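Data block below; observations after.
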Amino acid sequence: MDFQQEYIEEVRQILKDLEKSLMQLDENPDHADEIANVYRYLHTLKGSAGMFGFHQIEKLTHELEYLYSDVRDGIRAHDEQIMDLTLHSVDVLADLIEGQPADDEVEKIIRTVLAMRDTAASPSLTTLASDTGKQLPQAVIIFFTPDSNIFKRGINLNAILDDIRELGHAEIIVHNESVPLEKQLESRELTSWFEVLLVPEQDMEEIRDVFMFLGENEYEILELTSPEQFMTEPYTRRITLSEEQINDRINTLKAWSPQLFEAGVEEIIEEPTAGKAVDLKANAEGQEDEETFTFETKKSKKNKGNISVSTPKLDQLINIVSELVTFRSELQHLMSDNRNTKVVEAMEKLDFLTLRLRDSAFNIRLVPLSILQVKLQRLIRSVSKELNKDVEFITEGLDTELDRSIINALEAPLMHIIRNAMDHGIEQPEERMKRNKPEKGLLKLYSYNSGDHVFIQVQDDGNGIDFDKIREKGIAKGLLNAQQNYSEKELINVMMSPGFSTASAVTTVSGRGVGMDIVKKEVNALRGDVEISSEKGLGTIITLRLPLTLTILDTLVVRVADQKYLIPVSEVEYCYEEQHANLFSKKSRHIRYEKQLVPFFSLREYFEREEHPEKETVIVVNKNDTRVAVVVDGIAGQYQTVYKPLNELLQPVDCFSGASILGDGSTALILNALKLKN
Amino acid sequence: MNKKIIVAEDFNVSRKIIVSVLTKLGHTVMEASNGLEAVSLFDGRPVDLLITDYNMPEMNGAELIKTVRAHDKYAYIPILLLTTEVNEQKIKTALDENITAWIKKPFQTEDFLKIVNKALR
C-alpha cells in the first residue's frame, strides 16, 4: 500500500471541498459555517502535509490557517483580498501536491499573508470579537505539579517549561525550591512545583496540549477573570499569598494585558461561582460543542455515503455484468423450445434481474454534472474580473448524470464555451446600459435528460453571433465564396470548422487558438452534437447533445460472409436492398441518395472476399453530416451491445471503433464506417 | 531532526504504517515484531524513543518497558505504549510501568504524530 498516493488522493479531495466552500463564501461572505469549513480543511491539510514531506504545503496552509482563525473569530472580515489569495493558494497547493515546484508562489503568498497580519485588525473589530466570546482568555493561571516520577516516565520537563514560555507572555514561579531547580533536573529528582502566570497568545487547546503527557492531577489550568481568584479556591488549596504577592502577580499580568479584569467584570457578577467551577464548565461545554460538530460532519458525510472505487475495478464489474447479460441471451436461445412453465417463469425472473443488475452497474459510472460547477464558477469569477464584466451565473438541472468519462471530457469544451460567451457574447456594462439590458450579464447553464441523451445548454444574453463578421472572416480565410449567400446555419457550420476564430485580436480570455471547431470535435468524439442558435443583440444558446453513457450502444447487426459486424443505430440513416450487378456496373463507386452522390464501400471487397451474393444490402451511414454507404450481405437484426474497447494490437485498424459480444457468444466488431472512406 | 526510534509491534500492518510515517519524517526507525526482538535492538547506543505495543508474543510490552527502564542508558527515554485497551484501570497500571504516554488504537495519524513529536522534544 502506498500511503503517499493515498495521501495525495485525499488532498485532492480536500482541495476540491475547499474550493467549493470558497465559492459558497463568494456568494455569501458571512456564512460562518463555511468559514469554519475552510478553516478545518486548511487545518487538515497542514496536519498531514509535513509527515509526507510536503513542507511547502505545510508552510502555506499554516499561514492561511492563521488568517482564517482571525476571520472565524471575527477579528478580520472575509474580504475580496482574502478570497483572491485563498483561491490562488488552492491552485498553488494543487500544483504542489502534483509535485510541481511553486516555491516562488508560496513565498509570495506567505509574504502577502504576513503583510495582512501586520496591518492588524482595527480596534472596532476587536471589540466585536469579544462579543462572539471566542477570543483568547485574557489571563490564565496554571498550576503545574508533576509527580516525582516524571523523569522515569521519559517526560522532558525542560521541554514542557519551554513550551509554556512559548504560549505567550509567561512567568513561571517555582515553589518548593529547597534544592535549586537546576540541581533537581540534573539529579532527576523533582520536588518543586510550578505556578504559571500567563497572558496567552494561543488558545486553550494549545495550552492543554502542552500538558498532553501529564496526568489529570498533575496540572490545573485556570482562567483568571478577577483578582479575587488569588484569594479563593483552588488557589488557596495550593498556596496562600500575601497582599503584596497578589499585587505583584496582578502587576505582572497587567503589564502584558493592560485591560485585564476590566472587560470581564460582568461575567463574574453573572456567575458568582467563579474559579474552577466556571472554568471547568466552560471547558466541558467547549469540548461538547466540538464533539457534536465532528459528529455532525461525520453524519453528513455518512448521508452522502460516497466511497471511491478505482476505475479498473469498476470496469471489471461492468465486464462481468455484460458477459452475464450476453449469457442470458444465450440461455434464452437454448431454452426457447422449452414448454415447462416453471422453467419459463424462472427465465423471466432471470431476465428481469440481469437487466436490473445491468442498469445498476452502469449507473455506478454516472456522476452528476454538478461536479464541474465549482470549476466553472471559478472560471466565471476570474474571467469577469479580467474583462470587467459582471455576470450572474444561473444553473439548472446540474444533477443530471452522465458517464464519468464524458463529464471529464466535457470540462474543456464547456469552459471554452463559457469563456467565449463572456468575451464575445456579453457586452461591456456601459454598452448594456445603452441597450436597455441589466448591467449584469446573464449566463445560464442547464441540463436535462431526453431519451438516452443528455442535453446541456449554455445561454447568454449578450450580443449574439455577428453573422456579418463570420461571413467576412470566412471569405477572408477562403472558407466561403464572396458571391454566394449563406444561411445562418451554414455560417455556424463555418464557424465550427477548423482554424476559424472570430476574435479580431487574440485576447487572453478566449481565442487561444482553440475555437469552436475544437469544441465540436471533442463533443463529436463523445458521439455527441453541438448546436448553436443565436439572435442578434439578444444572445446565444449553445446546445450539447450527449449520449448518457459510452458503454451501451444500440447497433444494427449486419452479415458479411460468415462474419457479423455492428453499426451504431444512431449513425444509420437508410437501408435498402440492391442487385449486385446494379451497384458495380458503373465505373464510379457512388450511389444516388437524396439528390446527392454518396460514396459506397463493399465490406466483402474490403475483406478481400471474391464471391458475393446476387442481392446485397446498402446501408447509408450519416455521421457528423458526412454520408457514406456500406454494402453488406444483409441485416441480421438490432442488438443492444456493450461497447468494449479494442486491445492495443487492433487499435491501428481504425475502421473498427470497438468490439462486442453477441447473444450467441460470438464476438463482433463495431464498424466505424467513415474511416472506410480513407 | 533525525531521531532514532524503535517500534515494537507484532501486527505487521500497524507496524508498517507507523514505520512509514516516521521514516517519511526523516527519522531512523528500527522494527521489532516482539518484545525480545526489541530488547536486542537496545544495544547500548542512544535511542530517542520507543513505541511499543502492549500485547506481543515472546515478551509483552510491560516486560519490555521494565527491561528497557532497568538499563541505565534508557531509564529516562520517552516510551509510548500502543494499546487497544479501553479499561481505564488497566491503563493506569500501565502508566505505573513508567511510560510517557499511551496511544489508543486505532489512532489518527495526525494525533499520533502530535504525540510522537511531543515525546521527541
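Chain identifiers are assigned as A, B, and so on, following the order in which chains appear in the C-alpha cells; residues are numbered from 1 within each chain, and ligands are numbered from 1 in order of appearance.
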
Against chain B, which residues of chain A fall within 8 Å? For each one I want the closest pair of atoms and the distance in Å (one decimal), counting only C-alpha atoms, rows by chain and increasing residue number, as JSON lines.
```
{"residue": "A:Gly47", "atom": "CA", "partner": "B:Glu110", "partner_atom": "CA", "distance": 6.1}
{"residue": "A:Ser48", "atom": "CA", "partner": "B:Glu110", "partner_atom": "CA", "distance": 6.3}
{"residue": "A:Gly50", "atom": "CA", "partner": "B:Leu25", "partner_atom": "CA", "distance": 7.5}
{"residue": "A:Met51", "atom": "CA", "partner": "B:Leu25", "partner_atom": "CA", "distance": 5.3}
{"residue": "A:Phe52", "atom": "CA", "partner": "B:Lys24", "partner_atom": "CA", "distance": 5.7}
{"residue": "A:Gly53", "atom": "CA", "partner": "B:Lys24", "partner_atom": "CA", "distance": 6.5}
{"residue": "A:Asn149", "atom": "CA", "partner": "B:Asn98", "partner_atom": "CA", "distance": 7.7}
{"residue": "A:Phe151", "atom": "CA", "partner": "B:Tyr76", "partner_atom": "CA", "distance": 5.8}
{"residue": "A:Lys152", "atom": "CA", "partner": "B:Tyr76", "partner_atom": "CA", "distance": 5.3}
{"residue": "A:Arg153", "atom": "CA", "partner": "B:Asn98", "partner_atom": "CA", "distance": 4.3}
{"residue": "A:Gly154", "atom": "CA", "partner": "B:Pro78", "partner_atom": "CA", "distance": 3.8}
{"residue": "A:Ile155", "atom": "CA", "partner": "B:Thr100", "partner_atom": "CA", "distance": 5.8}
{"residue": "A:Asn156", "atom": "CA", "partner": "B:Arg121", "partner_atom": "CA", "distance": 7.0}
{"residue": "A:Ala159", "atom": "CA", "partner": "B:Arg121", "partner_atom": "CA", "distance": 6.0}
{"residue": "A:Met212", "atom": "CA", "partner": "B:Ile115", "partner_atom": "CA", "distance": 7.8}
{"residue": "A:Phe213", "atom": "CA", "partner": "B:Ala101", "partner_atom": "CA", "distance": 5.6}
```

Could you dump the residues just selected with N, CA and C atoms as a short mmCIF file (atom, residue, chain, number, x, y, z; two decimals), in the first residue's frame?
```
data_model
loop_
_atom_site.label_atom_id
_atom_site.label_comp_id
_atom_site.auth_asym_id
_atom_site.auth_seq_id
_atom_site.Cartn_x
_atom_site.Cartn_y
_atom_site.Cartn_z
N GLY A 47 -2.01 19.54 8.87
CA GLY A 47 -1.69 18.47 9.79
C GLY A 47 -0.97 17.30 9.14
N SER A 48 -1.38 16.99 7.92
CA SER A 48 -0.81 15.77 7.32
C SER A 48 0.32 16.07 6.33
N GLY A 50 3.18 17.76 6.53
CA GLY A 50 4.56 17.65 6.97
C GLY A 50 5.07 16.23 6.98
N MET A 51 4.21 15.32 7.40
CA MET A 51 4.69 13.96 7.58
C MET A 51 4.95 13.26 6.26
N PHE A 52 4.38 13.79 5.17
CA PHE A 52 4.67 13.19 3.88
C PHE A 52 5.68 14.03 3.11
N GLY A 53 6.31 14.93 3.80
CA GLY A 53 7.40 15.67 3.18
C GLY A 53 6.93 16.83 2.32
N ASN A 149 7.90 11.03 39.65
CA ASN A 149 8.41 10.04 38.69
C ASN A 149 8.40 10.56 37.25
N PHE A 151 10.48 12.00 35.41
CA PHE A 151 11.64 11.66 34.56
C PHE A 151 11.64 10.18 34.20
N LYS A 152 11.22 9.38 35.18
CA LYS A 152 11.15 7.93 34.95
C LYS A 152 10.18 7.60 33.83
N ARG A 153 9.21 8.48 33.64
CA ARG A 153 8.23 8.24 32.59
C ARG A 153 8.76 8.72 31.23
N GLY A 154 9.97 9.22 31.22
CA GLY A 154 10.54 9.64 29.94
C GLY A 154 10.03 10.98 29.47
N ILE A 155 9.52 11.79 30.40
CA ILE A 155 9.00 13.10 30.01
C ILE A 155 10.09 14.16 30.17
N ASN A 156 10.23 14.99 29.19
CA ASN A 156 11.25 16.03 29.20
C ASN A 156 10.68 17.29 29.84
N ALA A 159 11.51 20.64 28.24
CA ALA A 159 10.76 20.91 27.01
C ALA A 159 9.39 21.47 27.36
N MET A 212 0.03 17.37 27.54
CA MET A 212 -0.53 16.15 26.95
C MET A 212 -0.11 14.88 27.70
N PHE A 213 1.13 14.83 28.14
CA PHE A 213 1.63 13.59 28.75
C PHE A 213 1.42 13.54 30.26
#
```

Strand (DSSP E) residues, from DSSP on the backbone, in chain B, as a list in words: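 Of chain B, the ones in strand (DSSP E) are Lys4, Ile5, Ile6, Val7, Ala8, Thr28, Val29, Met30, Glu31, Ala32, Leu49, Leu50, Ile51, Thr52, Asp53, Ile79, Leu80, Leu81, Leu82, Thr83, Ala101, Trp102, Ile103 and Lys104 of chain B.
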
Shell around Glu63 (chain B) at 8 Å using only C-alpha atoms, local window under 4 positions removed, as a VMD selection string: chain B and resid 35 59 67

Output of the above residues as a tab-separated table (two decimals), in the first residue's frame, restricted to C-alpha atoms:
```
chain	number	residue	atom	x	y	z
B	35	GLY	CA	9.47	-7.70	22.90
B	59	MET	CA	7.76	-10.69	25.60
B	67	THR	CA	13.70	-4.32	30.85
```

DSSP-assigned alpha helix (DSSP H) members of region 49-121 of chain B, reported as an MDAnalysis selection string: chainID B and resid 61:70 88:96 109:119

Any chance you could export the current selection's N, CA and C atoms as an mmCIF file, in the first residue's frame?
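To be explicit, this is the file written out as result26.cif:
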```cif
data_model
loop_
_atom_site.group_PDB
_atom_site.id
_atom_site.type_symbol
_atom_site.label_atom_id
_atom_site.label_comp_id
_atom_site.auth_asym_id
_atom_site.auth_seq_id
_atom_site.Cartn_x
_atom_site.Cartn_y
_atom_site.Cartn_z
ATOM 1 N N GLY B 61 4.605 -5.889 26.160
ATOM 2 C CA GLY B 61 5.019 -4.503 26.281
ATOM 3 C C GLY B 61 5.485 -4.135 27.680
ATOM 4 N N ALA B 62 4.738 -4.600 28.674
ATOM 5 C CA ALA B 62 5.062 -4.232 30.046
ATOM 6 C C ALA B 62 6.445 -4.748 30.433
ATOM 7 N N GLU B 63 6.722 -6.011 30.048
ATOM 8 C CA GLU B 63 8.030 -6.598 30.372
ATOM 9 C C GLU B 63 9.146 -5.876 29.616
ATOM 10 N N LEU B 64 8.840 -5.548 28.363
ATOM 11 C CA LEU B 64 9.823 -4.842 27.547
ATOM 12 C C LEU B 64 10.192 -3.507 28.211
ATOM 13 N N ILE B 65 9.147 -2.774 28.629
ATOM 14 C CA ILE B 65 9.393 -1.466 29.233
ATOM 15 C C ILE B 65 10.225 -1.619 30.514
ATOM 16 N N LYS B 66 9.871 -2.631 31.311
ATOM 17 C CA LYS B 66 10.615 -2.874 32.553
ATOM 18 C C LYS B 66 12.098 -3.128 32.235
ATOM 19 N N THR B 67 12.332 -3.974 31.237
ATOM 20 C CA THR B 67 13.696 -4.325 30.853
ATOM 21 C C THR B 67 14.472 -3.095 30.381
ATOM 22 N N VAL B 68 13.804 -2.304 29.550
ATOM 23 C CA VAL B 68 14.462 -1.120 28.992
ATOM 24 C C VAL B 68 14.777 -0.112 30.091
ATOM 25 N N ARG B 69 13.795 0.119 30.976
ATOM 26 C CA ARG B 69 13.973 1.105 32.034
ATOM 27 C C ARG B 69 15.097 0.692 33.009
ATOM 28 N N ALA B 70 15.302 -0.624 33.116
ATOM 29 C CA ALA B 70 16.329 -1.112 34.044
ATOM 30 C C ALA B 70 17.731 -0.768 33.542
ATOM 31 N N GLU B 88 -9.883 1.819 31.863
ATOM 32 C CA GLU B 88 -9.093 2.885 32.487
ATOM 33 C C GLU B 88 -8.088 2.337 33.506
ATOM 34 N N GLN B 89 -8.583 1.394 34.320
ATOM 35 C CA GLN B 89 -7.758 0.900 35.399
ATOM 36 C C GLN B 89 -6.496 0.231 34.869
ATOM 37 N N LYS B 90 -6.698 -0.543 33.799
ATOM 38 C CA LYS B 90 -5.564 -1.235 33.207
ATOM 39 C C LYS B 90 -4.542 -0.239 32.680
ATOM 40 N N ILE B 91 -5.087 0.840 32.112
ATOM 41 C CA ILE B 91 -4.207 1.867 31.565
ATOM 42 C C ILE B 91 -3.419 2.544 32.690
ATOM 43 N N LYS B 92 -4.117 2.769 33.789
ATOM 44 C CA LYS B 92 -3.454 3.385 34.937
ATOM 45 C C LYS B 92 -2.300 2.503 35.404
ATOM 46 N N THR B 93 -2.561 1.200 35.441
ATOM 47 C CA THR B 93 -1.500 0.273 35.835
ATOM 48 C C THR B 93 -0.344 0.366 34.848
ATOM 49 N N ALA B 94 -0.703 0.476 33.594
ATOM 50 C CA ALA B 94 0.327 0.587 32.561
ATOM 51 C C ALA B 94 1.154 1.844 32.786
ATOM 52 N N LEU B 95 0.472 2.937 33.194
ATOM 53 C CA LEU B 95 1.187 4.180 33.446
ATOM 54 C C LEU B 95 2.238 3.987 34.534
ATOM 55 N N ASP B 96 1.930 3.101 35.481
ATOM 56 C CA ASP B 96 2.888 2.850 36.546
ATOM 57 C C ASP B 96 4.145 2.177 36.017
ATOM 58 N N THR B 109 -3.475 9.383 12.249
ATOM 59 C CA THR B 109 -2.061 9.698 12.071
ATOM 60 C C THR B 109 -1.730 11.073 12.630
ATOM 61 N N GLU B 110 -2.676 11.981 12.443
ATOM 62 C CA GLU B 110 -2.452 13.342 12.915
ATOM 63 C C GLU B 110 -2.196 13.375 14.420
ATOM 64 N N ASP B 111 -3.083 12.679 15.155
ATOM 65 C CA ASP B 111 -2.944 12.644 16.614
ATOM 66 C C ASP B 111 -1.671 11.904 17.004
ATOM 67 N N PHE B 112 -1.423 10.820 16.274
ATOM 68 C CA PHE B 112 -0.246 10.016 16.559
ATOM 69 C C PHE B 112 1.014 10.870 16.446
ATOM 70 N N LEU B 113 1.086 11.645 15.362
ATOM 71 C CA LEU B 113 2.276 12.457 15.143
ATOM 72 C C LEU B 113 2.426 13.545 16.194
ATOM 73 N N LYS B 114 1.290 14.072 16.620
ATOM 74 C CA LYS B 114 1.310 15.117 17.639
ATOM 75 C C LYS B 114 2.004 14.562 18.900
ATOM 76 N N ILE B 115 1.595 13.356 19.258
ATOM 77 C CA ILE B 115 2.154 12.740 20.456
ATOM 78 C C ILE B 115 3.635 12.411 20.257
ATOM 79 N N VAL B 116 3.954 11.840 19.081
ATOM 80 C CA VAL B 116 5.343 11.470 18.821
ATOM 81 C C VAL B 116 6.246 12.710 18.857
ATOM 82 N N ASN B 117 5.795 13.759 18.166
ATOM 83 C CA ASN B 117 6.614 14.974 18.127
ATOM 84 C C ASN B 117 6.837 15.546 19.524
ATOM 85 N N LYS B 118 5.793 15.466 20.314
ATOM 86 C CA LYS B 118 5.888 15.951 21.681
ATOM 87 C C LYS B 118 6.920 15.106 22.460
ATOM 88 N N ALA B 119 6.808 13.797 22.280
ATOM 89 C CA ALA B 119 7.685 12.899 23.020
ATOM 90 C C ALA B 119 9.143 13.081 22.607
#
```

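Ranking B:Arg15, B:His71, B:Lys4, B:Lys105 by their shortest atom-to-atom distance to Val39 (chain B), with only C-alpha atoms included, puts B:His71 first.
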
Atomic distance CA of Ile57 (chain A) - CA of Thr112 (chain A), expressed in Å with one decimal: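 Value for the CA of Ile57 (chain A)-CA of Thr112 (chain A) distance: 15.9 Å.
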
Pick from A:Val560, A:Leu603, A:Ile417, A:Leu671, whichever lies nearest to Gly658 (chain A) using only C-alpha atoms: A:Leu671

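Closest approach to Leu81 (chain B) among B:Thr52, B:Gln108, B:Ser14, B:Thr28 is made by B:Thr52 (distances from only C-alpha atoms).
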
For CA of Ala361 (chain A) and CA of Leu314 (chain A), the interatomic separation in Å (one decimal):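 Calculated distance between CA of Ala361 (chain A) and CA of Leu314 (chain A) is 8.6 Å.
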
Shell of 7 Å around region 492-497 of chain A, only C-alpha atoms, local chain residues under 3 positions omitted, as number ranges by chain: A: 470, 488-489, 500, 516-517, 520

12 Å contact set for region 349-351 of chain A, only C-alpha atoms, chain neighbours under 3 positions out, as a list of chain:residue names: A:Leu324, A:Val325, A:Thr326, A:Phe327, A:Arg328, A:Ser329, A:Glu330, A:Leu331, A:Gln332, A:Lys342, A:Val343, A:Val344, A:Glu345, A:Ala346, A:Thr354, A:Leu355, A:Arg356, A:Leu357, A:Arg358

Non-local contacts of Phe11 (chain B) (10 Å; only C-alpha atoms; under 5 positions in same chain excluded) as an MDAnalysis selection string: chainID B and resid 16 33:34 53 55:56
